[in-house]
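See structure below.
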Amino acid sequence: MQEIWNNPRYRYGIYMEAIEKLQLSGITKELILDWFLRLAKECERKNGCRAIDYDLQMRMDEVRQGKYGMKQQQCFLKMSVQCQRQAARYMLLQEQSGESLMLYGKALTGILEDGVLYRKRRERSKLLFYLGKARNAKDESVIEFVNREFLPFGYTVHVYWQRSFGIIGDDRCMDLNEILLY
């Protein structure tokens, strides 16, 4: 038999419980359950629905409903739907891989679609983030959401909006008239 990935209890719990309540032998129940899950998976495939799409939608709904806290909900609702979807992807990835500085950086620059994240050499727990545009409420909300959700414990971030902190080799951060001394 080929294994089929999905989250059956979450999506089809009512049907699975009905199958389990049937007065049949264990092998027969297992065959009926296997048949049901294959049928459900085939219906999803034909309708263009994938399990990851469902999981993303569930995660977005949970954040919108405030299950991650009211501050996270408020920040999330200020994001565009595309940014919300991207944030949900990173949340699912974090569940699989755990927290990491790399995931934080990918989430921050991925959701904002721009920016440079730099880790200080002398103070390893301090991060510098250059966005390169005017400060605005939408981007502040995204940064707050990402910091609460993905920033590993013990790290701090200083955000530079229009003036960078200067990174040699990165042209976006080397406008000599605009560099802030740090």
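Labeling convention for the structure tokens: chains A, B, ... as they appear, residues from 1 per chain, ligands from 1 in order of appearance.
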Extract, using only C-alpha atoms, all DNA, RNA and protein residues at most 12 Å from A:Asp61, discarding same-chain residues fewer than 3 positions from it, and format them as a short mmCIF file (atom, residue, chain, number, x, y, z; two decimals) with all heavy atoms, in the first residue's frame.
```
data_model
loop_
_atom_site.label_atom_id
_atom_site.label_comp_id
_atom_site.auth_asym_id
_atom_site.auth_seq_id
_atom_site.Cartn_x
_atom_site.Cartn_y
_atom_site.Cartn_z
N TYR A 54 -4.81 23.79 2.85
CA TYR A 54 -5.75 23.69 3.97
C TYR A 54 -5.06 24.08 5.27
O TYR A 54 -5.60 24.84 6.06
CB TYR A 54 -6.30 22.27 4.05
CG TYR A 54 -7.35 22.10 5.11
CD1 TYR A 54 -8.67 22.46 4.87
CD2 TYR A 54 -7.03 21.59 6.36
CE1 TYR A 54 -9.64 22.32 5.85
CE2 TYR A 54 -8.00 21.44 7.34
CZ TYR A 54 -9.29 21.81 7.07
OH TYR A 54 -10.26 21.67 8.05
N ASP A 55 -3.85 23.57 5.50
CA ASP A 55 -3.12 23.89 6.72
C ASP A 55 -2.80 25.38 6.80
O ASP A 55 -2.89 25.97 7.88
CB ASP A 55 -1.82 23.08 6.80
CG ASP A 55 -2.08 21.60 7.06
OD1 ASP A 55 -3.20 21.26 7.50
OD2 ASP A 55 -1.16 20.79 6.83
N LEU A 56 -2.44 25.99 5.68
CA LEU A 56 -2.18 27.43 5.66
C LEU A 56 -3.44 28.22 6.02
O LEU A 56 -3.39 29.17 6.81
CB LEU A 56 -1.68 27.87 4.29
CG LEU A 56 -0.24 27.51 3.95
CD1 LEU A 56 0.06 27.83 2.48
CD2 LEU A 56 0.73 28.23 4.86
N GLN A 57 -4.56 27.82 5.45
CA GLN A 57 -5.81 28.52 5.73
C GLN A 57 -6.20 28.36 7.20
O GLN A 57 -6.63 29.32 7.83
CB GLN A 57 -6.93 27.99 4.83
CG GLN A 57 -8.20 28.80 4.91
CD GLN A 57 -7.99 30.24 4.50
OE1 GLN A 57 -7.44 30.52 3.45
NE2 GLN A 57 -8.44 31.15 5.33
N MET A 58 -6.00 27.18 7.75
CA MET A 58 -6.30 26.95 9.16
C MET A 58 -5.42 27.83 10.06
O MET A 58 -5.90 28.43 11.02
CB MET A 58 -6.10 25.49 9.55
CG MET A 58 -7.11 24.54 8.97
SD MET A 58 -8.74 24.73 9.73
CE MET A 58 -9.57 25.74 8.54
N ARG A 64 -6.12 35.01 12.96
CA ARG A 64 -7.19 36.02 12.84
C ARG A 64 -8.18 35.93 14.00
O ARG A 64 -8.76 36.93 14.40
CB ARG A 64 -7.95 35.82 11.52
CG ARG A 64 -7.19 36.28 10.32
CD ARG A 64 -8.04 36.11 9.07
NE ARG A 64 -7.24 36.26 7.89
CZ ARG A 64 -7.26 35.42 6.85
NH1 ARG A 64 -8.07 34.37 6.86
NH2 ARG A 64 -6.48 35.63 5.82
N GLN A 65 -8.41 34.74 14.53
CA GLN A 65 -9.35 34.55 15.64
C GLN A 65 -8.72 34.88 17.00
O GLN A 65 -9.39 34.81 18.02
CB GLN A 65 -9.86 33.10 15.65
CG GLN A 65 -10.71 32.76 14.46
CD GLN A 65 -10.94 31.26 14.32
OE1 GLN A 65 -10.54 30.48 15.19
NE2 GLN A 65 -11.57 30.86 13.24
N GLY A 66 -7.44 35.20 17.01
CA GLY A 66 -6.78 35.59 18.25
C GLY A 66 -6.19 34.45 19.04
O GLY A 66 -5.84 34.63 20.21
N LYS A 67 -6.05 33.27 18.47
CA LYS A 67 -5.51 32.13 19.21
C LYS A 67 -4.02 32.27 19.49
O LYS A 67 -3.49 31.53 20.31
CB LYS A 67 -5.79 30.83 18.46
CG LYS A 67 -7.26 30.49 18.43
CD LYS A 67 -7.55 29.17 17.78
CE LYS A 67 -9.05 28.90 17.80
NZ LYS A 67 -9.38 27.65 17.15
N TYR A 68 -3.36 33.22 18.84
CA TYR A 68 -1.95 33.49 19.11
C TYR A 68 -1.78 34.77 19.92
O TYR A 68 -0.68 35.28 20.05
CB TYR A 68 -1.17 33.60 17.79
CG TYR A 68 -0.92 32.26 17.16
CD1 TYR A 68 -1.91 31.61 16.45
CD2 TYR A 68 0.31 31.63 17.30
CE1 TYR A 68 -1.70 30.36 15.89
CE2 TYR A 68 0.54 30.38 16.74
CZ TYR A 68 -0.47 29.76 16.04
OH TYR A 68 -0.25 28.53 15.49
N GLN A 73 -2.87 39.08 16.64
CA GLN A 73 -4.06 39.21 15.80
C GLN A 73 -4.12 40.60 15.17
O GLN A 73 -4.36 40.74 13.97
CB GLN A 73 -5.32 38.96 16.63
CG GLN A 73 -6.61 39.13 15.85
CD GLN A 73 -7.83 39.13 16.76
OE1 GLN A 73 -7.78 39.64 17.88
NE2 GLN A 73 -8.91 38.56 16.27
N PHE A 76 -1.44 40.98 12.54
CA PHE A 76 -1.75 40.11 11.40
C PHE A 76 -2.83 40.73 10.53
O PHE A 76 -2.74 40.70 9.30
CB PHE A 76 -2.19 38.74 11.92
CG PHE A 76 -2.18 37.65 10.90
CD1 PHE A 76 -0.99 37.09 10.46
CD2 PHE A 76 -3.37 37.15 10.39
CE1 PHE A 76 -0.98 36.06 9.54
CE2 PHE A 76 -3.37 36.13 9.46
CZ PHE A 76 -2.17 35.58 9.02
N LEU A 77 -3.84 41.32 11.15
CA LEU A 77 -4.95 41.90 10.39
C LEU A 77 -4.53 43.14 9.61
O LEU A 77 -5.19 43.51 8.63
CB LEU A 77 -6.12 42.22 11.32
CG LEU A 77 -6.82 41.01 11.92
CD1 LEU A 77 -7.87 41.44 12.93
CD2 LEU A 77 -7.43 40.13 10.84
N VAL A 81 -3.33 40.14 2.48
CA VAL A 81 -3.61 38.70 2.47
C VAL A 81 -2.38 37.93 2.01
O VAL A 81 -2.08 36.86 2.54
CB VAL A 81 -4.84 38.39 1.57
CG1 VAL A 81 -5.05 36.90 1.44
CG2 VAL A 81 -6.08 39.06 2.13
N GLN A 84 -0.08 37.73 4.92
CA GLN A 84 -0.64 36.80 5.91
C GLN A 84 -0.34 35.36 5.49
O GLN A 84 0.04 34.53 6.32
CB GLN A 84 -2.14 36.99 6.04
CG GLN A 84 -2.54 38.26 6.71
CD GLN A 84 -4.06 38.44 6.77
OE1 GLN A 84 -4.82 37.61 6.27
NE2 GLN A 84 -4.50 39.54 7.38
N ARG A 85 -0.50 35.07 4.22
CA ARG A 85 -0.23 33.72 3.70
C ARG A 85 1.25 33.37 3.87
O ARG A 85 1.59 32.26 4.27
CB ARG A 85 -0.67 33.63 2.25
CG ARG A 85 -0.70 32.25 1.70
CD ARG A 85 -1.44 32.22 0.36
NE ARG A 85 -1.50 30.90 -0.20
CZ ARG A 85 -2.32 29.95 0.18
NH1 ARG A 85 -3.17 30.18 1.15
NH2 ARG A 85 -2.30 28.76 -0.38
N ALA A 88 1.95 32.65 7.49
CA ALA A 88 1.44 31.32 7.84
C ALA A 88 2.39 30.23 7.36
O ALA A 88 2.61 29.23 8.05
CB ALA A 88 0.04 31.11 7.27
#
```
Using only C-alpha atoms, determine which residues lie at most 10 Å from A:Arg135, disregarding the query and same-chain residues fewer than 4 positions distant; provide the list as a list of chain:residue names.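 Once the nearby chain positions are removed, what remains is A:Leu131, A:Asp139, A:Glu140, A:Val159, A:Tyr160, A:Trp161, A:Gln162.
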Generate a file of the selected residues that holds N, CA and C atoms, formatted as a PDB file, in the first residue's frame.
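The result, written out as result09.pdb:
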```pdb
ATOM      1  N   LEU A 131      15.692  48.473   6.379  1.00  0.00           N
ATOM      2  CA  LEU A 131      14.576  48.290   5.458  1.00  0.00           C
ATOM      3  C   LEU A 131      14.689  49.173   4.227  1.00  0.00           C
ATOM      4  N   ASP A 139       4.406  48.250   7.861  1.00  0.00           N
ATOM      5  CA  ASP A 139       5.682  47.560   8.040  1.00  0.00           C
ATOM      6  C   ASP A 139       6.031  47.401   9.522  1.00  0.00           C
ATOM      7  N   GLU A 140       5.677  48.385  10.336  1.00  0.00           N
ATOM      8  CA  GLU A 140       5.901  48.249  11.773  1.00  0.00           C
ATOM      9  C   GLU A 140       5.120  47.064  12.342  1.00  0.00           C
ATOM     10  N   VAL A 159      15.942  48.425  14.268  1.00  0.00           N
ATOM     11  CA  VAL A 159      15.477  48.627  12.892  1.00  0.00           C
ATOM     12  C   VAL A 159      15.929  49.987  12.383  1.00  0.00           C
ATOM     13  N   TYR A 160      16.548  49.977  11.217  1.00  0.00           N
ATOM     14  CA  TYR A 160      16.933  51.191  10.511  1.00  0.00           C
ATOM     15  C   TYR A 160      15.985  51.337   9.333  1.00  0.00           C
ATOM     16  N   TRP A 161      15.318  52.450   9.266  1.00  0.00           N
ATOM     17  CA  TRP A 161      14.311  52.638   8.229  1.00  0.00           C
ATOM     18  C   TRP A 161      14.922  53.189   6.947  1.00  0.00           C
ATOM     19  N   GLN A 162      15.288  54.458   6.916  1.00  0.00           N
ATOM     20  CA  GLN A 162      15.789  55.047   5.676  1.00  0.00           C
ATOM     21  C   GLN A 162      17.300  55.134   5.633  1.00  0.00           C
TER      22      GLN A 162
END
```
Any idea what's packed within 10 Å of A:Met16, counting only C-alpha atoms, ignoring anything in its chain fewer than 2 positions away? Could you give it as a PDB file with N, CA and C atoms, in the first residue's frame?
```pdb
ATOM      1  N   PRO A   8      -5.855  13.418   8.843  1.00  0.00           N
ATOM      2  CA  PRO A   8      -7.225  12.912   8.759  1.00  0.00           C
ATOM      3  C   PRO A   8      -8.105  13.245   9.962  1.00  0.00           C
ATOM      4  N   ARG A   9      -7.570  13.206  11.170  1.00  0.00           N
ATOM      5  CA  ARG A   9      -8.397  13.497  12.342  1.00  0.00           C
ATOM      6  C   ARG A   9      -8.883  14.937  12.326  1.00  0.00           C
ATOM      7  N   ARG A  11      -9.308  16.882   9.649  1.00  0.00           N
ATOM      8  CA  ARG A  11     -10.172  17.219   8.527  1.00  0.00           C
ATOM      9  C   ARG A  11     -11.392  16.310   8.403  1.00  0.00           C
ATOM     10  N   TYR A  12     -11.253  15.042   8.763  1.00  0.00           N
ATOM     11  CA  TYR A  12     -12.320  14.073   8.518  1.00  0.00           C
ATOM     12  C   TYR A  12     -12.727  13.331   9.777  1.00  0.00           C
ATOM     13  N   GLY A  13     -12.554  13.948  10.921  1.00  0.00           N
ATOM     14  CA  GLY A  13     -12.813  13.291  12.196  1.00  0.00           C
ATOM     15  C   GLY A  13     -14.205  12.711  12.327  1.00  0.00           C
ATOM     16  N   ILE A  14     -15.216  13.413  11.848  1.00  0.00           N
ATOM     17  CA  ILE A  14     -16.598  12.941  11.961  1.00  0.00           C
ATOM     18  C   ILE A  14     -16.773  11.618  11.215  1.00  0.00           C
ATOM     19  N   ALA A  18     -17.325   7.649  12.679  1.00  0.00           N
ATOM     20  CA  ALA A  18     -18.445   6.812  12.233  1.00  0.00           C
ATOM     21  C   ALA A  18     -17.943   5.445  11.770  1.00  0.00           C
ATOM     22  N   ILE A  19     -16.824   5.423  11.065  1.00  0.00           N
ATOM     23  CA  ILE A  19     -16.253   4.150  10.607  1.00  0.00           C
ATOM     24  C   ILE A  19     -15.804   3.323  11.806  1.00  0.00           C
ATOM     25  N   GLU A  20     -15.179   3.965  12.795  1.00  0.00           N
ATOM     26  CA  GLU A  20     -14.704   3.243  13.979  1.00  0.00           C
ATOM     27  C   GLU A  20     -15.843   2.655  14.801  1.00  0.00           C
ATOM     28  N   LYS A  21     -17.022   3.270  14.755  1.00  0.00           N
ATOM     29  CA  LYS A  21     -18.170   2.776  15.522  1.00  0.00           C
ATOM     30  C   LYS A  21     -18.874   1.598  14.849  1.00  0.00           C
ATOM     31  N   LYS A  29     -12.424  -2.684   9.189  1.00  0.00           N
ATOM     32  CA  LYS A  29     -12.443  -1.247   9.491  1.00  0.00           C
ATOM     33  C   LYS A  29     -11.235  -0.552   8.884  1.00  0.00           C
ATOM     34  N   ILE A  32     -11.770  -0.161   5.139  1.00  0.00           N
ATOM     35  CA  ILE A  32     -12.756   0.886   4.845  1.00  0.00           C
ATOM     36  C   ILE A  32     -12.152   2.256   5.092  1.00  0.00           C
ATOM     37  N   LEU A  33     -11.413   2.397   6.175  1.00  0.00           N
ATOM     38  CA  LEU A  33     -10.764   3.666   6.486  1.00  0.00           C
ATOM     39  C   LEU A  33      -9.738   4.025   5.409  1.00  0.00           C
ATOM     40  N   PHE A  36     -11.602   5.124   2.352  1.00  0.00           N
ATOM     41  CA  PHE A  36     -12.162   6.465   2.557  1.00  0.00           C
ATOM     42  C   PHE A  36     -11.104   7.545   2.380  1.00  0.00           C
ATOM     43  N   LEU A  37      -9.926   7.347   2.999  1.00  0.00           N
ATOM     44  CA  LEU A  37      -8.876   8.352   2.892  1.00  0.00           C
ATOM     45  C   LEU A  37      -8.356   8.493   1.466  1.00  0.00           C
TER      46      LEU A  37
END
```
Find the residues near A:Lys126: any atom within 10 Å, counting only C-alpha atoms, skip ones fewer than 3 places away on the same chain, and give them as a PDB file with N, CA, C and O atoms, in the first residue's frame.
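Okay, part-v4.pdb is ready:
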```
ATOM      1  N   TYR A 118      21.501  41.943   9.688  1.00  0.00           N
ATOM      2  CA  TYR A 118      22.924  41.819   9.991  1.00  0.00           C
ATOM      3  C   TYR A 118      23.089  41.459  11.457  1.00  0.00           C
ATOM      4  O   TYR A 118      22.447  42.041  12.327  1.00  0.00           O
ATOM      5  N   ARG A 119      23.965  40.510  11.711  1.00  0.00           N
ATOM      6  CA  ARG A 119      24.260  40.106  13.089  1.00  0.00           C
ATOM      7  C   ARG A 119      25.601  40.722  13.482  1.00  0.00           C
ATOM      8  O   ARG A 119      26.603  40.527  12.795  1.00  0.00           O
ATOM      9  N   LYS A 120      25.623  41.455  14.581  1.00  0.00           N
ATOM     10  CA  LYS A 120      26.846  42.115  15.030  1.00  0.00           C
ATOM     11  C   LYS A 120      27.890  41.074  15.418  1.00  0.00           C
ATOM     12  O   LYS A 120      27.566  40.050  15.999  1.00  0.00           O
ATOM     13  N   ARG A 121      29.131  41.368  15.099  1.00  0.00           N
ATOM     14  CA  ARG A 121      30.205  40.423  15.409  1.00  0.00           C
ATOM     15  C   ARG A 121      30.546  40.402  16.895  1.00  0.00           C
ATOM     16  O   ARG A 121      30.793  39.350  17.464  1.00  0.00           O
ATOM     17  N   ARG A 122      30.587  41.590  17.501  1.00  0.00           N
ATOM     18  CA  ARG A 122      31.002  41.666  18.906  1.00  0.00           C
ATOM     19  C   ARG A 122      29.877  41.305  19.861  1.00  0.00           C
ATOM     20  O   ARG A 122      30.110  40.701  20.893  1.00  0.00           O
ATOM     21  N   GLU A 123      28.674  41.716  19.528  1.00  0.00           N
ATOM     22  CA  GLU A 123      27.516  41.418  20.378  1.00  0.00           C
ATOM     23  C   GLU A 123      26.588  40.486  19.584  1.00  0.00           C
ATOM     24  O   GLU A 123      25.693  40.931  18.902  1.00  0.00           O
ATOM     25  N   GLY A 154      16.341  35.820  23.611  1.00  0.00           N
ATOM     26  CA  GLY A 154      17.646  36.379  23.928  1.00  0.00           C
ATOM     27  C   GLY A 154      18.201  37.322  22.878  1.00  0.00           C
ATOM     28  O   GLY A 154      19.236  37.949  23.102  1.00  0.00           O
ATOM     29  N   TYR A 155      17.568  37.452  21.743  1.00  0.00           N
ATOM     30  CA  TYR A 155      18.033  38.345  20.682  1.00  0.00           C
ATOM     31  C   TYR A 155      17.247  39.646  20.705  1.00  0.00           C
ATOM     32  O   TYR A 155      16.062  39.670  21.059  1.00  0.00           O
ATOM     33  N   THR A 156      17.910  40.729  20.307  1.00  0.00           N
ATOM     34  CA  THR A 156      17.242  42.023  20.146  1.00  0.00           C
ATOM     35  C   THR A 156      17.505  42.523  18.725  1.00  0.00           C
ATOM     36  O   THR A 156      18.521  42.171  18.111  1.00  0.00           O
ATOM     37  N   VAL A 157      16.592  43.346  18.229  1.00  0.00           N
ATOM     38  CA  VAL A 157      16.698  43.865  16.858  1.00  0.00           C
ATOM     39  C   VAL A 157      16.561  45.376  16.889  1.00  0.00           C
ATOM     40  O   VAL A 157      15.657  45.908  17.533  1.00  0.00           O
ATOM     41  N   HIS A 158      17.466  46.040  16.200  1.00  0.00           N
ATOM     42  CA  HIS A 158      17.368  47.491  16.017  1.00  0.00           C
ATOM     43  C   HIS A 158      17.044  47.726  14.540  1.00  0.00           C
ATOM     44  O   HIS A 158      17.771  47.253  13.665  1.00  0.00           O
TER      45      HIS A 158
END
```
For a test of reading the model, state the distance in Å between atom CA of A:Asp114 and atom CA of A:Gln82, rounded to one decimal.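 About the pair atom CA of A:Asp114 and atom CA of A:Gln82: they are 14.6 Å apart.
When only C-alpha atoms are used to measure the gap to A:Ala107, the shortest distance among A:Gln72, A:Asn136, A:Ser25, A:Gln94 belongs to A:Gln94.
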Give me the residues near A:Pro152 as a short mmCIF file (atom, residue, chain, number, x, y, z; two decimals) with C-alpha atoms, in the first residue's frame, where near means some atom within 12 Å (using only C-alpha atoms) and where sequence neighbours in that chain fewer than 5 positions away do not count.
```
data_model
loop_
_atom_site.label_atom_id
_atom_site.label_comp_id
_atom_site.auth_asym_id
_atom_site.auth_seq_id
_atom_site.Cartn_x
_atom_site.Cartn_y
_atom_site.Cartn_z
CA GLN A 94 8.75 26.79 12.33
CA GLY A 98 11.87 24.77 15.40
CA GLU A 99 13.04 28.31 15.99
CA SER A 100 16.23 29.55 14.41
CA LEU A 101 17.90 32.81 13.52
CA MET A 102 17.88 31.77 9.87
CA LEU A 103 14.12 31.23 9.90
CA TYR A 104 13.65 34.61 11.60
CA GLY A 105 15.69 36.33 8.89
CA SER A 125 22.69 38.59 20.37
CA LYS A 126 22.09 41.98 18.69
CA LEU A 127 20.68 42.15 15.19
CA VAL A 146 7.65 38.57 13.10
CA ASN A 147 9.60 39.57 16.22
CA VAL A 157 16.70 43.86 16.86
#
```
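Atom to atom, atom CA of A:Arg148 and atom CA of A:Val116 stand 18.8 Å apart.
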Non-local contacts of A:Ile111 (8 Å; only C-alpha atoms; under 2 positions in same chain excluded) as a PyMOL selection string: chain A and resi 83+86-87+107-109+113+142
Could the residues in this selection be saved with N, CA and C atoms as a CSV table (one decimal), in the first residue's frame?
```
chain,number,residue,atom,x,y,z
A,83,CYS,N,0.8,38.8,2.5
A,83,CYS,CA,1.7,38.7,3.6
A,83,CYS,C,1.2,37.8,4.7
A,86,GLN,N,2.1,34.3,3.6
A,86,GLN,CA,3.6,34.1,3.7
A,86,GLN,C,3.9,33.9,5.2
A,87,ALA,N,3.3,34.7,6.1
A,87,ALA,CA,3.5,34.5,7.5
A,87,ALA,C,3.1,33.1,8.0
A,107,ALA,N,11.8,34.9,7.4
A,107,ALA,CA,10.5,35.4,7.6
A,107,ALA,C,10.4,36.9,7.5
A,108,LEU,N,11.3,37.6,8.2
A,108,LEU,CA,11.3,39.1,8.2
A,108,LEU,C,11.5,39.6,6.8
A,109,THR,N,12.5,39.2,6.1
A,109,THR,CA,12.8,39.7,4.7
A,109,THR,C,11.8,39.2,3.7
A,113,GLU,N,9.4,41.6,2.0
A,113,GLU,CA,9.9,41.5,0.6
A,113,GLU,C,11.0,42.5,0.3
A,142,VAL,N,4.2,44.4,10.7
A,142,VAL,CA,4.8,43.1,10.2
A,142,VAL,C,6.1,42.8,11.1
```
Please, which residues of stretch 24-90 of chain A, numbered as in this document, come out helix (DSSP H, G or I) from DSSP, as a compact mmCIF listing (two decimals) with C-alpha atoms, in the first residue's frame?
```txt
# COMPACT_ATOMS: atom_id res chain seq x y z
CA GLY A 26 -10.39 -4.60 12.82
CA ILE A 27 -9.08 -5.55 9.37
CA THR A 28 -12.37 -4.61 7.69
CA LYS A 29 -12.44 -1.25 9.49
CA GLU A 30 -8.84 -0.62 8.45
CA LEU A 31 -9.68 -1.37 4.80
CA ILE A 32 -12.76 0.89 4.85
CA LEU A 33 -10.76 3.67 6.49
CA ASP A 34 -7.96 3.27 3.92
CA TRP A 35 -10.50 3.36 1.09
CA PHE A 36 -12.16 6.47 2.56
CA LEU A 37 -8.88 8.35 2.89
CA ARG A 38 -7.85 7.47 -0.66
CA LEU A 39 -11.22 8.66 -1.96
CA ALA A 40 -10.96 11.90 0.01
CA LYS A 41 -7.41 12.49 -1.28
CA GLU A 42 -8.51 11.87 -4.87
CA CYS A 43 -11.40 14.33 -4.46
CA GLU A 44 -8.97 16.92 -3.13
CA ARG A 45 -6.63 16.34 -6.06
CA LYS A 46 -9.42 16.74 -8.61
CA ASN A 47 -10.68 19.90 -6.91
CA ALA A 51 -3.26 19.57 2.27
CA ILE A 52 -0.73 22.41 2.62
CA ASP A 53 -3.33 24.90 1.34
CA TYR A 54 -5.75 23.69 3.97
CA ASP A 55 -3.12 23.89 6.72
CA LEU A 56 -2.18 27.43 5.66
CA GLN A 57 -5.81 28.52 5.73
CA MET A 58 -6.30 26.95 9.16
CA ARG A 59 -3.22 28.74 10.53
CA MET A 60 -4.37 32.08 9.08
CA ASP A 61 -7.82 31.59 10.60
CA GLU A 62 -6.32 30.75 14.01
CA VAL A 63 -4.23 33.94 14.05
CA ARG A 64 -7.19 36.02 12.84
CA MET A 70 -4.57 39.79 20.65
CA LYS A 71 -1.39 41.69 19.71
CA GLN A 72 -0.49 39.08 17.11
CA GLN A 73 -4.06 39.21 15.80
CA GLN A 74 -3.96 43.01 15.46
CA CYS A 75 -0.61 42.95 13.66
CA PHE A 76 -1.75 40.11 11.40
CA LEU A 77 -4.95 41.90 10.39
CA LYS A 78 -2.93 44.93 9.26
CA VAL A 81 -3.61 38.70 2.47
CA GLN A 82 -0.43 37.82 0.57
CA CYS A 83 1.70 38.75 3.60
CA GLN A 84 -0.64 36.80 5.91
CA ARG A 85 -0.23 33.72 3.70
CA GLN A 86 3.55 34.13 3.72
CA ALA A 87 3.54 34.48 7.53
CA ALA A 88 1.44 31.32 7.84
CA ARG A 89 3.95 29.44 5.65
CA TYR A 90 6.78 30.45 7.96
```
Between A:Glu144, A:Leu22, A:Gly115, A:Gly110, which has the minimum distance to A:Phe129 (counting only C-alpha atoms)?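 Smallest distance to A:Phe129 is found for A:Gly115.
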Go through A:Leu92, A:Met79, A:Ala134, A:Leu24 one by one, measure the shortest atom-to-atom distance of each to A:Glu149 using only C-alpha atoms, and give the residue with the smallest value.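 When distances to A:Glu149 are compared using only C-alpha atoms, the smallest one comes from A:Leu92.
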